[in-house]
Amino acid sequence: MTIPSPAPQPGFWAATAMIAAIILASTAGEVLTAAAMKSIGDLDEIRARSGLTGAIRAVFTCPLFFAGVGFLTLAFFSLLFALNHMNLSLVAPASASLTLVTNAIAGKLFLKENVDRRRWAAAVLVCIGVYLLAH
Amino acid sequence: MAHARLTPRQYLILGLVSLCAPLGDTCLSRGMTGLPEITLAHPATLFTAVFTPWIALGIALLIGFFASYLTALSWADLTFVLPATAFGNVIVALFARFFLHETISLERWAGIVLITVGVGFVAHGPSLTVSPSVQPETNADIADMEKEQAR
């Protein structure tokens with residue numbers, strides 16, 4: 001099977017807009033999903049108490065979960081759209097590494113997680129590492 | 001309840017989070033580059049892409065990722081789980097080097113080291129920090145939380 005030659009690469013602002021759309025939708029989705037899972041509680045404990053059905057019911061009856069999935073779906077289609085116009089070597093490192101930093105900020109602001117110096121350092125190191133690895 | 005140490009089962013779930021995401025993304029990329037250009041004028045073609053083999057395999061792997069990711073988020077912080085996701089890139093790069101005999105540039109080795117150090121930083125700390133929804137029940141719980149915050 002031959003791979004068709006890719007379309008011409010988009011300009012700077014179009015590429016920035018596509019990557020920004022992935023980052024925003026993905027950060028909103030991940031924060032909402034994390035908030036949903038925290039409100040539900042430990043899934044392993046729920047499964048031990050009420051079985052797999054109980055755990056699935058606990059997830060699927062949480063409105064926050066569906067809000068999160070909505071944004072993650074938006075992020076997924078933004079990623080598909082971007083991959084159709086840009087190389088994976090640009091889209092993957094840019095969106096994955098920047099999402100780590102936006103999620104650390106959102107985790108502290110909205111989820112009230114204790115993002116200490118160790119976690120900030122980790123977010124920055126992993127961010128640079130992902131960029132170097134996938135660029 | 002604050003988890004200072006993870007159980008082997010929880011490590012397994014974090015391993016699935018790490019592996020399924022990069023493998024799924026690779027399948028999606030392989031599938032999308034094989035399709036003709038999709039424009040905003042015909043967005044419905046994005047939905048037909050979902051039924052092509054590579055995209056379908058990518059989606060199956062990403063469903064596996066999402067199930068493990070949700071489980072991990074139920075007992076760990078978002079800022080703890082996300083670096084684990086990034087560690088999957090290191091596993092895939094090492095797999096490419098030692099099993100597929102691909103060449104890894106100096107830049108990529110630097111990336112592998114940085115991600116590993118970053119994940120090590122996070123993994124060394126608590127997986128779950130105190131949040132308003134988590135109320136201590138006993139004096140022992142309060143003492144545990146104070147110890148973890150002091151680290």
# chains A, B, ... in the order shown; residues from 1 in each chain; ligands from 1
call {"tool": "interface_residues", "arguments": {"of": "chain B", "to": "chain A", "cutoff": "6 Å", "atoms": "only C-alpha atoms", "output": "ChimeraX atom specification"}}
result
/B:32,34,71,73-75,79,107-108,111,114-115,118,121-122,129
call {"tool": "write_last_selection", "arguments": {"atoms": "N, CA and C atoms", "output": "CSV table (one decimal), in the first residue's frame"}}
result
chain,number,residue,atom,x,y,z
B,32,MET,N,-4.4,8.5,9.0
B,32,MET,CA,-4.8,9.8,8.5
B,32,MET,C,-3.9,10.2,7.3
B,34,GLY,N,-2.7,8.3,5.2
B,34,GLY,CA,-3.1,7.5,4.0
B,34,GLY,C,-4.4,8.0,3.4
B,71,THR,N,-9.5,4.9,35.5
B,71,THR,CA,-9.2,4.2,36.7
B,71,THR,C,-8.1,4.9,37.5
B,73,LEU,N,-7.2,8.0,37.4
B,73,LEU,CA,-7.6,9.3,37.9
B,73,LEU,C,-8.5,9.2,39.1
B,74,SER,N,-9.1,8.0,39.3
B,74,SER,CA,-9.9,7.8,40.5
B,74,SER,C,-9.1,7.6,41.8
B,75,TRP,N,-7.8,7.3,41.7
B,75,TRP,CA,-7.0,7.2,42.9
B,75,TRP,C,-5.7,8.0,42.8
B,79,THR,N,-2.0,15.6,37.8
B,79,THR,CA,-0.6,16.0,37.6
B,79,THR,C,0.4,14.8,38.0
B,107,GLU,N,19.5,14.1,20.3
B,107,GLU,CA,18.3,14.9,20.8
B,107,GLU,C,17.3,14.0,21.4
B,108,ARG,N,17.0,12.9,20.8
B,108,ARG,CA,16.0,11.9,21.3
B,108,ARG,C,16.5,11.3,22.6
B,111,GLY,N,15.8,13.7,25.2
B,111,GLY,CA,14.4,13.7,25.5
B,111,GLY,C,14.0,12.5,26.4
B,114,LEU,N,15.3,13.3,30.0
B,114,LEU,CA,14.5,14.3,30.6
B,114,LEU,C,13.1,13.8,31.1
B,115,ILE,N,12.4,13.0,30.2
B,115,ILE,CA,11.1,12.4,30.6
B,115,ILE,C,11.3,11.4,31.8
B,118,GLY,N,11.8,13.4,34.9
B,118,GLY,CA,10.6,14.1,35.3
B,118,GLY,C,9.6,13.1,35.9
B,121,PHE,N,10.7,12.2,39.3
B,121,PHE,CA,10.4,13.2,40.3
B,121,PHE,C,8.9,13.0,40.9
B,122,VAL,N,8.0,12.8,39.9
B,122,VAL,CA,6.6,12.7,40.3
B,122,VAL,C,6.3,11.4,41.0
B,129,THR,N,-2.9,14.1,46.3
B,129,THR,CA,-2.7,15.2,47.4
B,129,THR,C,-4.0,15.6,47.9
call {"tool": "select_by_dssp", "arguments": {"residues": "segment 28-67 of chain B", "states": "helix (DSSP H, G or I)", "output": "list in words"}}
result
Leu28, Ser29, Arg30, Gly31, Met32, Thr33, Thr45, Leu46, Phe47, Thr48, Ala49, Pro53, Trp54, Ile55, Ala56, Leu57, Gly58, Ile59, Ala60, Leu61, Leu62, Ile63, Gly64, Phe65, Phe66 and Ala67 of chain B
call {"tool": "atom_distance", "arguments": {"atom1": "atom CA of Leu82 of chain B", "atom2": "atom CA of Phe47 of chain B"}}
result
27.9 Å
call {"tool": "atom_distance", "arguments": {"atom1": "atom CA of Arg30 of chain B", "atom2": "atom CA of Ala56 of chain B"}}
result
11.3 Å
call {"tool": "closest_atom_pairs", "arguments": {"of": "segment 18-55 of chain B", "to": "segment 62-67 of chain B", "cutoff": "9 Å", "atoms": "only C-alpha atoms", "output": "Markdown table"}}
result
| residue | atom | partner | partner_atom | distance |
| --- | --- | --- | --- | --- |
| B:Ser18 | CA | B:Phe65 | CA | 7.9 |
| B:Leu19 | CA | B:Phe65 | CA | 7.9 |
| B:Cys20 | CA | B:Phe65 | CA | 5.1 |
| B:Ala21 | CA | B:Phe65 | CA | 5.8 |
| B:Pro22 | CA | B:Leu62 | CA | 8.9 |
| B:Leu23 | CA | B:Leu62 | CA | 8.4 |
| B:Gly24 | CA | B:Leu62 | CA | 5.5 |
| B:Asp25 | CA | B:Leu62 | CA | 7.9 |
call {"tool": "write_last_selection", "arguments": {"atoms": "C-alpha atoms", "output": "compact mmCIF listing (two decimals), in the first residue's frame"}}
result
# COMPACT_ATOMS: atom_id res chain seq x y z
CA SER B 18 1.64 4.72 29.11
CA LEU B 19 1.60 2.15 26.30
CA CYS B 20 -1.88 2.41 24.76
CA ALA B 21 -1.75 6.19 24.15
CA PRO B 22 1.42 6.42 21.96
CA LEU B 23 0.58 3.19 20.09
CA GLY B 24 -2.95 4.50 19.42
CA ASP B 25 -1.63 7.88 18.23
call {"tool": "residues_around", "arguments": {"residues": "Ile13 of chain B", "least_positions_apart": "4", "cutoff": "8 Å", "atoms": "only C-alpha atoms", "output": "PDB file with C-alpha atoms, in the first residue's frame"}}
result
ATOM      1  CA  ARG B   9      -2.129  -3.541  40.096  1.00  0.00           C
ATOM      2  CA  VAL B  17      -1.965   4.249  30.296  1.00  0.00           C
ATOM      3  CA  SER B  68      -7.030   2.714  32.355  1.00  0.00           C
ATOM      4  CA  TYR B  69      -6.707   6.501  32.503  1.00  0.00           C
ATOM      5  CA  THR B  71      -9.215   4.178  36.734  1.00  0.00           C
ATOM      6  CA  ALA B  72      -5.892   5.911  37.469  1.00  0.00           C
TER       7      ALA B  72
END
call {"tool": "residues_around", "arguments": {"residues": "Gly29 of chain A", "least_positions_apart": "5", "cutoff": "6 Å", "atoms": "only C-alpha atoms", "output": "CSV table (one decimal) with C-alpha atoms, in the first residue's frame"}}
result
chain,number,residue,atom,x,y,z
A,68,GLY,CA,-15.2,15.9,30.0
A,71,PHE,CA,-14.3,18.2,25.3
A,72,LEU,CA,-12.0,15.1,24.8
call {"tool": "residues_around", "arguments": {"residues": "Ala20 of chain A", "least_positions_apart": "5", "cutoff": "10 Å", "atoms": "only C-alpha atoms", "output": "number ranges by chain"}}
result
A: 14-15, 25-26, 78, 94-95, 98-99
call {"tool": "atom_distance", "arguments": {"atom1": "atom CA of Val81 of chain B", "atom2": "atom CA of Leu14 of chain B"}}
result
7.5 Å
